[in-house]
$ cat work_13.cif   # mmCIF, C-alpha atoms
data_query
#
loop_
_atom_site.label_atom_id
_atom_site.label_comp_id
_atom_site.auth_asym_id
_atom_site.auth_seq_id
_atom_site.Cartn_x
_atom_site.Cartn_y
_atom_site.Cartn_z
CA MET A 1 78.51 173.62 172.79
CA SER A 2 79.54 170.84 170.41
CA PRO A 3 77.43 167.63 170.74
CA PRO A 4 79.16 164.78 172.62
CA LEU A 5 80.61 161.91 170.62
CA THR A 6 79.90 158.38 171.87
CA TYR A 7 79.30 156.28 168.73
CA LEU A 8 81.99 153.62 168.20
CA PRO A 9 81.79 153.54 164.34
CA ALA A 10 82.67 157.24 164.26
CA TYR A 11 85.86 156.56 166.23
CA LEU A 12 86.67 153.59 163.98
CA GLY A 13 86.24 155.83 160.94
CA LEU A 14 88.54 158.46 162.47
CA PHE A 15 91.15 155.78 163.15
CA ALA A 16 90.90 154.46 159.57
CA ALA A 17 91.14 157.98 158.07
CA LEU A 18 94.25 158.87 160.10
CA LEU A 19 95.92 155.52 159.43
CA LEU A 20 95.29 155.73 155.67
CA ALA A 21 96.66 159.29 155.69
CA VAL A 22 99.81 157.92 157.37
CA ALA A 23 99.97 155.14 154.76
CA CYS A 24 99.84 157.69 151.92
CA ASN A 25 102.83 159.55 153.37
CA ALA A 26 104.76 156.40 154.25
CA PHE A 27 104.18 155.19 150.69
CA LEU A 28 106.37 158.03 149.44
CA ASP A 29 109.43 156.23 150.88
CA ILE A 30 108.37 152.72 149.91
CA GLN A 31 111.68 152.03 148.15
CA TYR A 32 113.50 152.12 151.51
CA GLY A 33 111.57 149.11 152.85
CA SER A 34 110.18 150.78 155.98
CA PHE A 35 106.57 151.10 154.81
CA GLY A 36 105.14 148.17 156.76
CA THR A 37 107.01 148.94 159.99
CA GLU A 38 106.04 152.60 159.91
CA VAL A 39 102.34 151.84 159.29
CA VAL A 40 102.20 149.22 162.06
CA MET A 41 103.82 151.55 164.61
CA TRP A 42 101.47 154.39 163.79
CA ALA A 43 98.49 152.00 163.81
CA ALA A 44 99.33 150.98 167.38
CA ALA A 45 99.74 154.60 168.50
CA LEU A 46 96.50 155.75 166.84
CA ALA A 47 94.54 152.75 168.14
CA TRP A 48 95.70 153.54 171.68
CA THR A 49 94.78 157.24 171.50
CA VAL A 50 91.46 156.79 169.68
CA SER A 51 90.34 154.09 172.11
CA ALA A 52 91.23 156.40 174.99
CA GLY A 53 88.92 159.05 173.55
CA TRP A 54 86.09 156.58 172.97
CA LYS A 55 86.23 155.16 176.50
CA GLN A 56 85.36 158.59 177.96
CA GLN A 57 81.90 158.43 176.30
CA GLY A 58 81.53 162.09 175.44
CA VAL A 59 82.93 163.56 178.68
CA THR A 60 86.62 164.45 179.01
CA SER A 61 88.16 162.83 182.08
CA ASP A 62 91.39 163.33 184.01
CA GLY A 63 92.65 160.01 182.67
CA GLY A 64 92.27 161.18 179.10
CA GLN A 65 94.11 164.40 179.79
CA GLN A 66 96.89 162.42 181.48
CA GLN A 67 97.27 160.18 178.44
CA GLN A 68 97.30 163.28 176.22
CA LYS A 69 100.34 164.62 178.10
CA ILE A 70 102.13 161.27 177.80
CA VAL A 71 101.56 161.21 174.03
CA LEU A 72 102.85 164.78 173.72
CA ILE A 73 106.04 163.93 175.60
CA LEU A 74 106.66 160.78 173.57
CA GLY A 75 105.93 162.63 170.36
CA PHE A 76 108.33 165.45 171.26
CA VAL A 77 111.10 162.92 171.84
CA ALA A 78 110.30 161.12 168.58
CA THR A 79 110.37 164.42 166.70
CA LEU A 80 113.87 165.27 167.97
CA LEU A 81 115.33 161.79 167.56
CA VAL A 82 113.52 160.40 164.51
CA PHE A 83 111.39 162.77 162.46
CA ILE A 84 113.75 165.73 161.98
CA PRO A 85 116.96 163.68 161.48
CA THR A 86 115.28 161.24 159.06
CA TRP A 87 113.03 163.43 156.91
CA GLY A 88 113.79 167.05 157.69
CA PHE A 89 111.27 169.74 156.93
CA PRO A 90 108.53 169.91 155.73
CA ARG A 91 107.94 166.15 156.20
CA ALA A 92 109.01 166.38 159.84
CA GLY A 93 106.49 169.17 160.37
CA LEU A 94 103.77 166.94 158.95
CA TYR A 95 104.60 164.18 161.45
CA MET A 96 104.64 166.76 164.24
CA LEU A 97 101.08 167.64 163.21
CA LEU A 98 100.20 163.95 163.38
CA VAL A 99 101.67 163.75 166.91
CA LEU A 100 99.50 166.66 167.99
CA GLN A 101 96.45 164.95 166.51
CA ALA A 102 97.33 161.68 168.25
CA SER A 103 97.44 163.52 171.57
CA GLN A 104 94.14 165.21 170.72
CA ASN A 105 92.59 161.79 170.08
CA CYS A 106 92.93 161.04 173.80
CA VAL A 107 90.39 163.79 174.58
CA THR A 108 88.26 163.57 171.41
CA THR A 109 84.81 163.51 172.97
CA SER A 110 82.82 165.93 170.78
CA ARG A 111 81.75 166.38 167.21
CA ARG A 112 83.99 169.42 166.71
CA GLN A 113 87.08 167.47 167.74
CA LEU A 114 86.12 164.64 165.38
CA HIS A 115 85.91 167.07 162.47
CA MET A 116 89.28 168.54 163.44
CA GLY A 117 90.83 165.07 163.28
CA LEU A 118 89.39 164.52 159.81
CA LEU A 119 90.74 167.91 158.74
CA VAL A 120 94.24 166.92 159.90
CA SER A 121 93.99 163.68 157.91
CA ALA A 122 92.92 165.65 154.81
CA VAL A 123 95.95 167.93 155.15
CA MET A 124 98.24 164.89 155.34
CA VAL A 125 96.60 163.28 152.30
CA MET A 126 96.91 166.46 150.23
CA PHE A 127 100.59 166.72 151.15
CA ALA A 128 101.19 163.14 150.02
CA ALA A 129 99.16 163.48 146.82
CA THR A 130 101.06 166.61 145.71
CA HIS A 131 104.49 165.13 146.47
CA HIS A 132 106.81 164.58 143.50
CA ARG A 133 107.14 160.85 144.32
CA ALA A 134 103.38 160.21 144.31
CA ASP A 135 101.96 158.19 141.45
CA TRP A 136 98.88 156.15 140.54
CA THR A 137 99.77 153.30 142.92
CA MET A 138 98.90 155.58 145.84
CA LEU A 139 95.23 155.25 144.80
CA PHE A 140 95.22 151.96 146.73
CA TYR A 141 95.21 154.14 149.87
CA LEU A 142 93.58 157.33 148.60
CA VAL A 143 90.33 155.68 147.54
CA PRO A 144 89.82 153.85 150.88
CA TYR A 145 90.64 157.13 152.63
CA VAL A 146 87.74 158.86 150.86
CA VAL A 147 85.44 156.00 151.84
CA ALA A 148 86.61 156.20 155.46
CA VAL A 149 85.99 159.95 155.68
CA VAL A 150 82.48 159.68 154.22
CA PHE A 151 81.71 156.73 156.49
CA THR A 152 82.88 158.68 159.55
CA LEU A 153 80.78 161.74 158.79
CA VAL A 154 77.70 159.69 157.96
CA SER A 155 77.99 157.47 161.05
CA GLU A 156 78.27 160.52 163.31
CA GLN A 157 75.20 162.12 161.74
CA VAL A 158 73.15 158.91 161.90
CA SER A 159 74.09 158.29 165.52
CA ARG A 160 73.02 161.82 166.53
CA ARG A 161 69.70 161.51 164.70
CA ALA A 162 69.07 158.11 166.27
CA ALA A 163 69.83 159.52 169.73
CA ASP A 164 67.39 162.39 169.17
CA LEU A 165 64.65 160.01 168.06
CA GLN A 166 65.32 157.74 171.01
CA GLN A 167 64.84 160.65 173.43
CA VAL A 168 61.59 161.66 171.74
CA ARG A 169 59.99 158.24 171.64
CA LEU A 170 61.64 156.91 174.84
CA GLY A 171 62.55 153.60 173.21
CA ALA A 172 65.65 151.62 172.42
CA GLY A 173 67.18 152.11 168.99
CA SER A 174 68.15 149.34 166.60
CA GLY A 175 71.86 148.93 165.99
CA ALA A 176 71.24 146.91 162.85
CA GLY A 177 68.98 149.64 161.49
CA GLN A 178 71.65 152.28 162.11
CA GLY A 179 74.21 150.11 160.35
CA VAL A 180 72.01 149.72 157.29
CA ALA A 181 71.33 153.47 157.23
CA ILE A 182 75.06 154.25 157.48
CA ALA A 183 75.96 151.81 154.70
CA ALA A 184 73.19 153.06 152.42
CA ALA A 185 74.01 156.73 152.97
CA THR A 186 77.75 156.16 152.49
CA ALA A 187 77.21 154.25 149.26
CA THR A 188 74.79 156.89 147.96
CA ILE A 189 77.19 159.78 148.64
CA LEU A 190 80.13 157.94 147.05
CA LEU A 191 78.12 157.00 143.96
CA LEU A 192 76.85 160.56 143.62
CA GLY A 193 80.41 161.90 143.92
CA LEU A 194 81.61 159.39 141.31
CA ALA A 195 78.80 160.40 138.96
CA LEU A 196 79.66 164.10 139.33
CA TYR A 197 83.32 163.31 138.69
CA VAL A 198 82.49 161.32 135.56
CA VAL A 199 80.43 164.15 134.03
CA THR A 200 83.07 166.77 134.92
CA PRO A 201 85.33 167.64 131.94
CA GLN A 202 88.83 166.16 132.42
CA VAL A 203 92.02 166.03 130.38
CA THR A 204 91.80 162.28 130.87
CA TRP A 205 89.24 160.37 132.89
CA LEU A 206 91.81 159.64 135.61
CA SER A 207 93.28 163.14 135.68
CA LEU A 208 93.29 164.48 139.22
CA GLU A 209 94.85 167.88 138.51
CA TRP A 210 93.25 171.29 137.96
CA ARG A 211 94.82 174.22 136.13
CA TYR A 212 93.81 176.65 138.89
CA GLY A 213 94.90 174.51 141.86
CA GLN A 214 97.79 172.51 143.24
CA LYS A 215 98.90 169.90 140.72
CA THR A 216 99.37 166.27 141.62
CA PRO A 217 101.49 163.76 139.67
CA ILE A 218 98.91 161.02 140.37
CA GLY A 219 96.88 161.84 137.28
CA THR A 220 99.72 162.85 134.92
CA LEU A 221 100.50 159.34 133.72
CA GLY A 222 101.60 160.48 130.28
CA LYS A 223 103.98 163.27 131.32
CA PRO A 224 107.52 162.32 132.46
CA LEU A 225 108.85 164.26 135.42
CA GLU A 226 111.74 166.58 134.67
CA HIS A 227 114.94 165.76 136.50
CA GLY A 228 115.52 169.34 137.55
CA ALA A 229 112.14 169.62 139.18
CA SER A 230 112.57 166.19 140.75
CA GLY A 231 115.87 167.05 142.32
CA GLN A 232 114.61 170.40 143.58
CA ALA A 233 111.50 168.85 145.14
CA GLY A 234 113.46 165.95 146.58
CA GLY A 235 115.82 168.27 148.43
CA ASN A 236 112.99 169.44 150.66
CA ASP A 237 112.79 166.07 152.39
CA GLY A 238 116.12 166.11 154.17
CA GLN A 239 118.32 163.04 153.95
CA ALA A 240 115.72 160.85 152.23
CA GLY A 241 114.85 163.61 149.78
CA ALA A 242 118.50 164.14 148.85
CA GLN A 243 118.18 161.04 146.71
CA GLY A 244 115.18 162.54 144.90
CA SER A 245 116.21 162.08 141.31
CA GLY A 246 117.57 158.61 141.93
CA SER A 247 114.64 157.32 143.96
CA ASP A 248 112.11 158.69 141.50
CA ALA A 249 113.09 156.13 138.92
CA GLY A 250 112.70 153.38 141.48
CA ASN A 251 109.33 154.77 142.51
CA GLY A 252 108.08 154.74 138.95
CA THR A 253 107.38 158.43 138.45
CA GLY A 254 109.84 158.76 135.59
CA SER A 255 109.75 155.75 133.30
CA GLN A 256 106.33 154.62 134.50
CA SER A 257 104.77 157.89 133.38
CA ALA A 258 106.17 157.68 129.86
CA GLY A 259 103.30 155.48 128.65
CA ARG A 260 99.88 156.32 127.36
CA ASP A 261 97.67 158.97 128.91
CA GLY A 262 95.08 157.80 131.40
CA TRP A 263 95.20 154.27 132.74
CA PRO A 264 98.72 152.70 132.81
CA SER A 265 99.56 149.91 130.41
CA PRO A 266 99.96 146.29 131.63
CA ALA A 267 103.73 146.62 131.29
CA GLN A 268 103.72 149.72 133.49
CA MET A 269 101.55 147.91 136.04
CA ARG A 270 103.94 144.95 136.24
CA GLU A 271 106.90 147.29 136.58
CA ALA A 272 105.16 149.07 139.45
CA ALA A 273 104.25 145.74 141.08
CA HIS A 274 107.93 144.74 141.28
CA ARG A 275 109.00 148.05 142.76
CA PRO A 276 111.29 147.62 145.80
CA GLY A 277 109.38 147.76 149.08
CA MET A 278 105.95 147.24 147.50
CA PRO A 279 103.65 145.29 149.90
CA GLU A 280 102.95 141.77 148.72
CA TRP A 281 99.17 142.19 148.75
CA GLN A 282 99.40 145.36 146.67
CA SER A 283 101.90 143.78 144.28
CA ALA A 284 99.59 140.80 143.77
CA ALA A 285 96.61 143.10 143.21
CA ILE A 286 98.50 145.15 140.61
CA LEU A 287 99.59 142.00 138.78
CA GLN A 288 95.97 140.81 138.71
CA MET A 289 94.92 144.19 137.35
CA ALA A 290 97.55 143.93 134.60
CA SER A 291 96.36 140.46 133.60
CA LEU A 292 92.73 141.58 133.64
CA ASP A 293 93.57 144.65 131.57
CA GLU A 294 95.30 142.49 128.97
CA ALA A 295 92.37 140.09 128.84
CA ILE A 296 89.89 142.92 128.41
CA GLN A 297 91.99 144.51 125.67
CA GLN A 298 92.26 141.21 123.80
CA ALA A 299 88.52 140.59 124.12
CA LEU A 300 87.54 144.09 123.04
CA GLN A 301 90.13 144.56 120.30
CA PRO A 302 87.99 143.00 117.51
CA MET A 303 85.05 145.15 118.56
CA LEU A 304 87.23 148.27 118.70
CA ASP A 305 88.67 147.49 115.27
CA ALA A 306 85.16 147.06 113.85
CA LEU A 307 84.03 150.33 115.39
CA GLU A 308 87.08 152.10 114.03
CA ASP A 309 86.41 150.74 110.53
CA ALA A 310 82.77 151.77 110.76
CA TRP A 311 83.78 155.24 111.92
CA ASN A 312 86.24 155.63 109.05
CA LYS A 313 83.61 154.52 106.54
CA LEU A 314 81.14 156.97 108.05
CA LYS A 315 83.63 159.83 107.72
CA GLU A 316 84.27 158.91 104.08
CA TRP A 317 80.52 158.77 103.36
CA LEU A 318 80.03 162.17 105.00
CA LYS A 319 82.75 163.65 102.81
CA GLU A 320 81.12 162.28 99.66
CA HIS A 321 77.54 163.18 100.65
CA ARG A 322 78.12 166.37 102.58
CA THR A 323 75.08 168.15 101.16
CA ALA A 324 72.74 165.25 101.87
CA ALA A 325 74.11 164.95 105.40
CA TRP A 326 73.54 168.64 106.10
CA LEU A 327 70.02 168.47 104.67
CA GLY A 328 69.23 165.40 106.78
CA LEU A 329 70.60 167.08 109.89
CA PHE A 330 68.56 170.22 109.13
CA GLY A 331 65.43 168.12 108.63
CA LEU A 332 65.99 166.30 111.89
CA LEU A 333 66.48 169.59 113.70
CA LEU A 334 63.30 170.98 112.13
CA LEU A 335 61.37 167.87 113.19
CA ILE A 336 62.62 168.24 116.74
CA LEU A 337 61.57 171.91 116.78
CA LEU A 338 58.11 170.99 115.50
CA LEU A 339 57.72 168.35 118.21
CA VAL A 340 58.81 170.83 120.85
CA LEU A 341 56.33 173.37 119.48
CA TYR A 342 53.56 170.76 119.51
CA PHE A 343 54.14 169.82 123.13
CA LEU A 344 54.48 173.48 124.09
CA LEU A 345 51.18 174.38 122.46
CA ARG A 346 49.52 171.39 124.08
CA GLU A 347 50.91 172.44 127.46
CA VAL A 348 49.52 175.98 127.14
CA LYS A 349 46.23 174.57 125.68
CA ALA A 350 46.49 176.65 122.52
CA ALA A 351 44.17 174.34 120.58
CA THR A 352 41.53 174.45 123.30
CA TRP A 353 41.79 178.25 123.46
CA LEU A 354 41.26 178.57 119.71
CA ARG A 355 38.33 176.13 119.82
CA THR A 356 36.58 178.11 122.59
CA ARG A 357 36.92 181.32 120.56
CA TYR A 358 35.53 179.56 117.53
CA ASP A 359 32.63 178.23 119.62
CA PHE A 360 31.82 181.72 120.87
CA LEU A 361 31.87 183.21 117.38
CA ARG A 362 29.79 180.40 115.90
CA LEU A 363 27.38 179.67 118.76
CA GLY A 364 27.44 182.76 120.93
CA LEU A 365 27.52 185.59 118.38
CA PHE A 366 26.07 184.20 115.15
CA ALA A 367 23.90 181.38 116.62
CA ARG A 368 25.07 178.94 113.96
CA HIS A 369 23.90 175.84 115.83
CA ALA A 370 21.94 172.78 114.88
CA GLY A 371 18.32 172.35 115.79
CA GLY A 372 16.77 170.18 118.51
CA ARG A 373 18.89 167.83 120.60
CA PRO A 374 22.12 168.21 118.52
CA GLY A 375 22.05 171.98 119.04
CA MET A 376 21.64 171.57 122.81
CA ALA A 377 24.58 169.12 122.83
CA GLN A 378 26.70 171.67 120.95
CA TYR A 379 26.21 174.27 123.66
CA TYR A 380 26.93 171.80 126.46
CA ARG A 381 30.15 170.60 124.76
CA ALA A 382 31.16 174.23 124.27
CA MET A 383 30.65 174.83 128.02
CA GLU A 384 32.81 171.76 128.77
CA ARG A 385 35.64 173.20 126.66
CA LEU A 386 35.41 176.51 128.53
CA PHE A 387 35.93 174.80 131.87
CA ALA A 388 38.62 172.51 130.43
CA LEU A 389 40.53 175.66 129.50
CA LYS A 390 40.28 176.66 133.19
CA ASP A 391 41.88 173.35 134.33
CA THR A 392 38.58 171.56 135.00
CA PRO A 393 38.17 168.99 132.23
CA ARG A 394 35.38 166.45 132.36
CA ALA A 395 36.52 162.89 133.00
CA PRO A 396 34.95 160.15 130.82
CA THR A 397 33.47 158.42 133.91
CA VAL A 398 31.81 161.53 135.38
CA ASN A 399 28.11 162.19 134.71
CA THR A 400 26.58 165.64 134.23
CA ARG A 401 25.56 166.14 137.89
CA GLU A 402 28.98 165.14 139.20
CA TYR A 403 30.65 167.45 136.70
CA LEU A 404 28.33 170.30 137.74
CA ARG A 405 29.42 169.95 141.36
CA GLU A 406 33.07 169.89 140.26
CA ILE A 407 32.96 173.04 138.10
CA THR A 408 30.96 175.07 140.61
CA HIS A 409 32.88 174.00 143.72
CA TYR A 410 35.22 177.02 143.52
CA ARG A 411 33.08 179.08 141.10
CA ASP A 412 29.97 179.95 143.02
CA HIS A 413 29.32 182.99 140.78
CA LEU A 414 28.58 180.59 137.89
CA ARG A 415 26.38 178.19 139.81
CA SER A 416 23.00 179.43 138.52
CA GLU A 417 24.02 179.59 134.83
CA ALA A 418 25.85 176.24 134.85
CA THR A 419 23.02 174.56 136.74
CA GLU A 420 20.32 175.82 134.35
CA LEU A 421 22.33 174.94 131.23
CA THR A 422 22.98 171.44 132.59
CA ARG A 423 19.27 170.99 133.35
CA LEU A 424 18.27 172.04 129.82
CA PHE A 425 20.83 169.62 128.35
CA GLU A 426 19.54 166.74 130.50
CA GLN A 427 15.94 167.47 129.46
CA ALA A 428 16.92 167.49 125.81
CA ARG A 429 18.94 164.30 126.02
CA TYR A 430 16.76 162.20 128.29
CA GLY A 431 13.32 163.81 127.72
CA GLN A 432 10.64 162.58 125.35
CA THR A 433 10.32 165.83 123.39
CA ALA A 434 13.06 167.69 121.59
CA PRO A 435 13.96 171.22 122.78
CA ASP A 436 12.16 174.06 121.00
CA ALA A 437 13.59 177.31 119.66
CA ALA A 438 12.96 179.20 122.94
CA GLN A 439 14.98 176.70 124.92
CA LEU A 440 17.87 176.97 122.46
CA VAL A 441 17.76 180.78 122.72
CA ARG A 442 17.87 180.52 126.52
CA THR A 443 20.76 178.04 126.30
CA ARG A 444 22.62 180.47 124.02
CA GLN A 445 22.15 183.27 126.59
CA LEU A 446 23.43 181.06 129.43
CA TYR A 447 26.48 180.07 127.37
CA ARG A 448 27.31 183.71 126.60
CA GLN A 449 27.04 184.61 130.32
CA ILE A 450 29.33 181.75 131.32
CA PHE A 451 31.88 182.76 128.65
CA GLN A 452 31.92 186.41 129.80
CA LYS A 453 32.18 185.55 133.52
CA LEU A 454 35.02 183.10 132.91
CA GLY A 455 36.90 185.78 131.01
#

$ encode --input "work_13.cif" --output "structure tokens"
Amino acid sequence: MSPPLTYLPAYLGLFAALLLAVACNAFLDIQYGSFGTEVVMWAAALAWTVSAGWKQQGVTSDGGQQQQKIVLILGFVATLLVFIPTWGFPRAGLYMLLVLQASQNCVTTSRRQLHMGLLVSAVMVMFAATHHRADWTMLFYLVPYVVAVVFTLVSEQVSRRAADLQQVRLGAGSGAGQGVAIAAATATILLLGLALYVVTPQVTWLSLEWRYGQKTPIGTLGKPLEHGASGQAGGNDGQAGAQGSGSDAGNGTGSQSAGRDGWPSPAQMREAAHRPGMPEWQSAAILQMASLDEAIQQALQPMLDALEDAWNKLKEWLKEHRTAAWLGLFGLLLLILLLVLYFLLREVKAATWLRTRYDFLRLGLFARHAGGRPGMAQYYRAMERLFALKDTPRAPTVNTREYLREITHYRDHLRSEATELTRLFEQARYGQTAPDAAQLVRTRQLYRQIFQKLG
């Protein structure tokens, strides 16, 4: 059983996703001047159906089912009288899918139905993005669509988690807290997606096509569309598509794409801004982008020229001093390898391991120790290095008794030897008389036993 859907922001996100998907498809025919009218009409229809689904608060009612039938009848009539005669197939089939989704909105009361609505919007967006009349100006609707979809999914998840917590603690949730959580999660997901896109290899940074998938002309700003392909693709749209090759020039896919790869030039932006049927707000935004792009280019041009000169000088120097450059690079690589080896040996405690073996040969086997108090200190320091090798180093602020408790906490089989060796060291260091030869011999025996038991 799919969880019920009652959270208003999730319905608002569904409405925004569907409306932006409609805008992407209506934008394909922007040169005919019907973009604004088409978007407004669909906005009214979607607002009516989505609000009908939200008012049922997670439980489908007879009123919602009645409104669903009304939307189906109206959509069937619109398909016969408007969609098929105007666009033909496959565009008419896409609008038929949108009619079915609008009717489904009237009974959208569960999480599964919400996800189905987002899936329908994704299908519509992919159709628009792969159309031969799509270009970079459609990003004004594609980017908000991505934000709307992420916002919808996040708001639905946050609302369900908040409802679960409210049932557990039997208290009222905070709407402001949910809003902050939704905004933070949405921004985090979008930034993470942008970061992954930036580090992904692309032909150009704005390229949105993949050699193994369906191509889209949105990212191919430097490749003019062939007239044969344009006419063939345009014929699939019925009466509006019959003017494919002619409308493409007005839509900017031909001459607009003849510029540089990647981001369009300011001239291309201004040409797109004055395209017939372009909304005033979008035209003004594109003109501002063109002016900003020019200002940035003018400000950065001296820096770019300086960097280019420096790069050319560097290439000339490398040609003249190729041997020195290779030797320097080899030396740098060798230094890096030595640093890596140093940190690796320090991580595996290679130096400590060698020092403990040297201590055992010198102190344990050949008894090459100093006399009196210095000799006793040598054995105690050697014991410290043994336990440091076993991940129990002695901290500078820890005294001998505290360190004894630490090293014997999980090593009860060494308690007697470590305790006696610590006692002999304390007597030698703090006592009035220096340790004699018998005490040093006993200390050497204790050290050898600790070394053997530690392995």

$ residues_around --input "work_13.cif" --residues "Ala184 of chain A" --least-positions-apart "3" --cutoff "12 Å" --atoms "only C-alpha atoms" --output "PyMOL selection string"
chain A and resi 150-151+154-155+158+177-181+187-191

$ closest_residue --input "work_13.cif" --among "A:Gly13, A:Gly364, A:Gly53, A:Gly63" --to "Val107 of chain A" --atoms "all atoms listed in the file"
A:Gly53

$ atom_distance --input "work_13.cif" --atom1 "atom CA of Arg322 of chain A" --atom2 "atom CA of Leu335 of chain A"
19.9 Å

$ atom_distance --input "work_13.cif" --atom1 "atom CA of Arg444 of chain A" --atom2 "atom CA of Arg355 of chain A"
16.8 Å

$ atom_distance --input "work_13.cif" --atom1 "atom CA of Pro276 of chain A" --atom2 "atom CA of Val120 of chain A"
29.4 Å

$ residues_around --input "work_13.cif" --residues "Val59 of chain A" --least-positions-apart "6" --cutoff "10 Å" --atoms "all atoms listed in the file" --output "PDB file with C-alpha atoms, in the coordinates of the input"
ATOM      1  CA  PRO A   4      79.160 164.780 172.620  1.00  0.00           C
ATOM      2  CA  LEU A   5      80.610 161.910 170.620  1.00  0.00           C
ATOM      3  CA  THR A   6      79.900 158.380 171.870  1.00  0.00           C
ATOM      4  CA  GLY A  53      88.920 159.050 173.550  1.00  0.00           C
ATOM      5  CA  VAL A 107      90.390 163.790 174.580  1.00  0.00           C
ATOM      6  CA  THR A 108      88.260 163.570 171.410  1.00  0.00           C
ATOM      7  CA  THR A 109      84.810 163.510 172.970  1.00  0.00           C
ATOM      8  CA  SER A 110      82.820 165.930 170.780  1.00  0.00           C
TER       9      SER A 110
END

$ residues_around --input "work_13.cif" --residues "Val22 of chain A" --least-positions-apart "6" --cutoff "10 Å" --atoms "only C-alpha atoms" --output "mmCIF file with C-alpha atoms, in the coordinates of the input"
data_model
loop_
_atom_site.group_PDB
_atom_site.id
_atom_site.type_symbol
_atom_site.label_atom_id
_atom_site.label_comp_id
_atom_site.auth_asym_id
_atom_site.auth_seq_id
_atom_site.Cartn_x
_atom_site.Cartn_y
_atom_site.Cartn_z
ATOM 1 C CA ALA A 16 90.900 154.460 159.570
ATOM 2 C CA PHE A 35 106.570 151.100 154.810
ATOM 3 C CA GLU A 38 106.040 152.600 159.910
ATOM 4 C CA VAL A 39 102.340 151.840 159.290
ATOM 5 C CA TRP A 42 101.470 154.390 163.790
ATOM 6 C CA ALA A 43 98.490 152.000 163.810
ATOM 7 C CA LEU A 94 103.770 166.940 158.950
ATOM 8 C CA TYR A 95 104.600 164.180 161.450
ATOM 9 C CA LEU A 98 100.200 163.950 163.380
ATOM 10 C CA SER A 121 93.990 163.680 157.910
ATOM 11 C CA MET A 124 98.240 164.890 155.340
ATOM 12 C CA VAL A 125 96.600 163.280 152.300
ATOM 13 C CA ALA A 128 101.190 163.140 150.020
ATOM 14 C CA TYR A 141 95.210 154.140 149.870
#

$ residues_near_point --input "work_13.cif" --point "(100.3, 163.7, 174.0)" --cutoff "8 Å" --atoms "all atoms listed in the file" --output "PDB file with C-alpha atoms, keeping the file's coordinate frame"
ATOM      1  CA  GLN A  67      97.270 160.180 178.440  1.00  0.00           C
ATOM      2  CA  GLN A  68      97.300 163.280 176.220  1.00  0.00           C
ATOM      3  CA  LYS A  69     100.340 164.620 178.100  1.00  0.00           C
ATOM      4  CA  ILE A  70     102.130 161.270 177.800  1.00  0.00           C
ATOM      5  CA  VAL A  71     101.560 161.210 174.030  1.00  0.00           C
ATOM      6  CA  LEU A  72     102.850 164.780 173.720  1.00  0.00           C
ATOM      7  CA  ILE A  73     106.040 163.930 175.600  1.00  0.00           C
ATOM      8  CA  LEU A  74     106.660 160.780 173.570  1.00  0.00           C
ATOM      9  CA  GLY A  75     105.930 162.630 170.360  1.00  0.00           C
ATOM     10  CA  VAL A  99     101.670 163.750 166.910  1.00  0.00           C
ATOM     11  CA  LEU A 100      99.500 166.660 167.990  1.00  0.00           C
ATOM     12  CA  ALA A 102      97.330 161.680 168.250  1.00  0.00           C
ATOM     13  CA  SER A 103      97.440 163.520 171.570  1.00  0.00           C
ATOM     14  CA  GLN A 104      94.140 165.210 170.720  1.00  0.00           C
ATOM     15  CA  CYS A 106      92.930 161.040 173.800  1.00  0.00           C
TER      16      CYS A 106
END

$ decode --input "work_13.cif" --residues "segment 420-445 of chain A" --atoms "C-alpha atoms" --output "JSON list (two decimals), in the first residue's frame"
[["chain", "number", "residue", "atom", "x", "y", "z"],
["A", 420, "GLU", "CA", 57.79, -6.00, 38.64],
["A", 421, "LEU", "CA", 59.79, -4.19, 35.95],
["A", 422, "THR", "CA", 57.94, -0.95, 36.68],
["A", 423, "ARG", "CA", 58.62, -1.35, 40.42],
["A", 424, "LEU", "CA", 62.35, -1.91, 39.83],
["A", 425, "PHE", "CA", 62.48, 1.19, 37.59],
["A", 426, "GLU", "CA", 60.71, 3.32, 40.20],
["A", 427, "GLN", "CA", 63.11, 2.14, 42.93],
["A", 428, "ALA", "CA", 66.09, 2.97, 40.75],
["A", 429, "ARG", "CA", 64.80, 6.39, 39.78],
["A", 430, "TYR", "CA", 63.35, 7.59, 43.05],
["A", 431, "GLY", "CA", 65.35, 5.49, 45.56],
["A", 432, "GLN", "CA", 68.42, 6.61, 47.47],
["A", 433, "THR", "CA", 70.67, 3.77, 46.28],
["A", 434, "ALA", "CA", 71.47, 2.83, 42.71],
["A", 435, "PRO", "CA", 70.39, -0.63, 41.46],
["A", 436, "ASP", "CA", 72.99, -3.37, 41.78],
["A", 437, "ALA", "CA", 74.00, -6.00, 39.22],
["A", 438, "ALA", "CA", 71.43, -8.55, 40.48],
["A", 439, "GLN", "CA", 68.57, -6.12, 39.95],
["A", 440, "LEU", "CA", 69.76, -5.39, 36.41],
["A", 441, "VAL", "CA", 69.95, -9.13, 35.68],
["A", 442, "ARG", "CA", 66.39, -9.56, 36.97],
["A", 443, "THR", "CA", 65.23, -6.58, 34.89],
["A", 444, "ARG", "CA", 66.86, -8.15, 31.81],
["A", 445, "GLN", "CA", 64.96, -11.42, 32.46]]
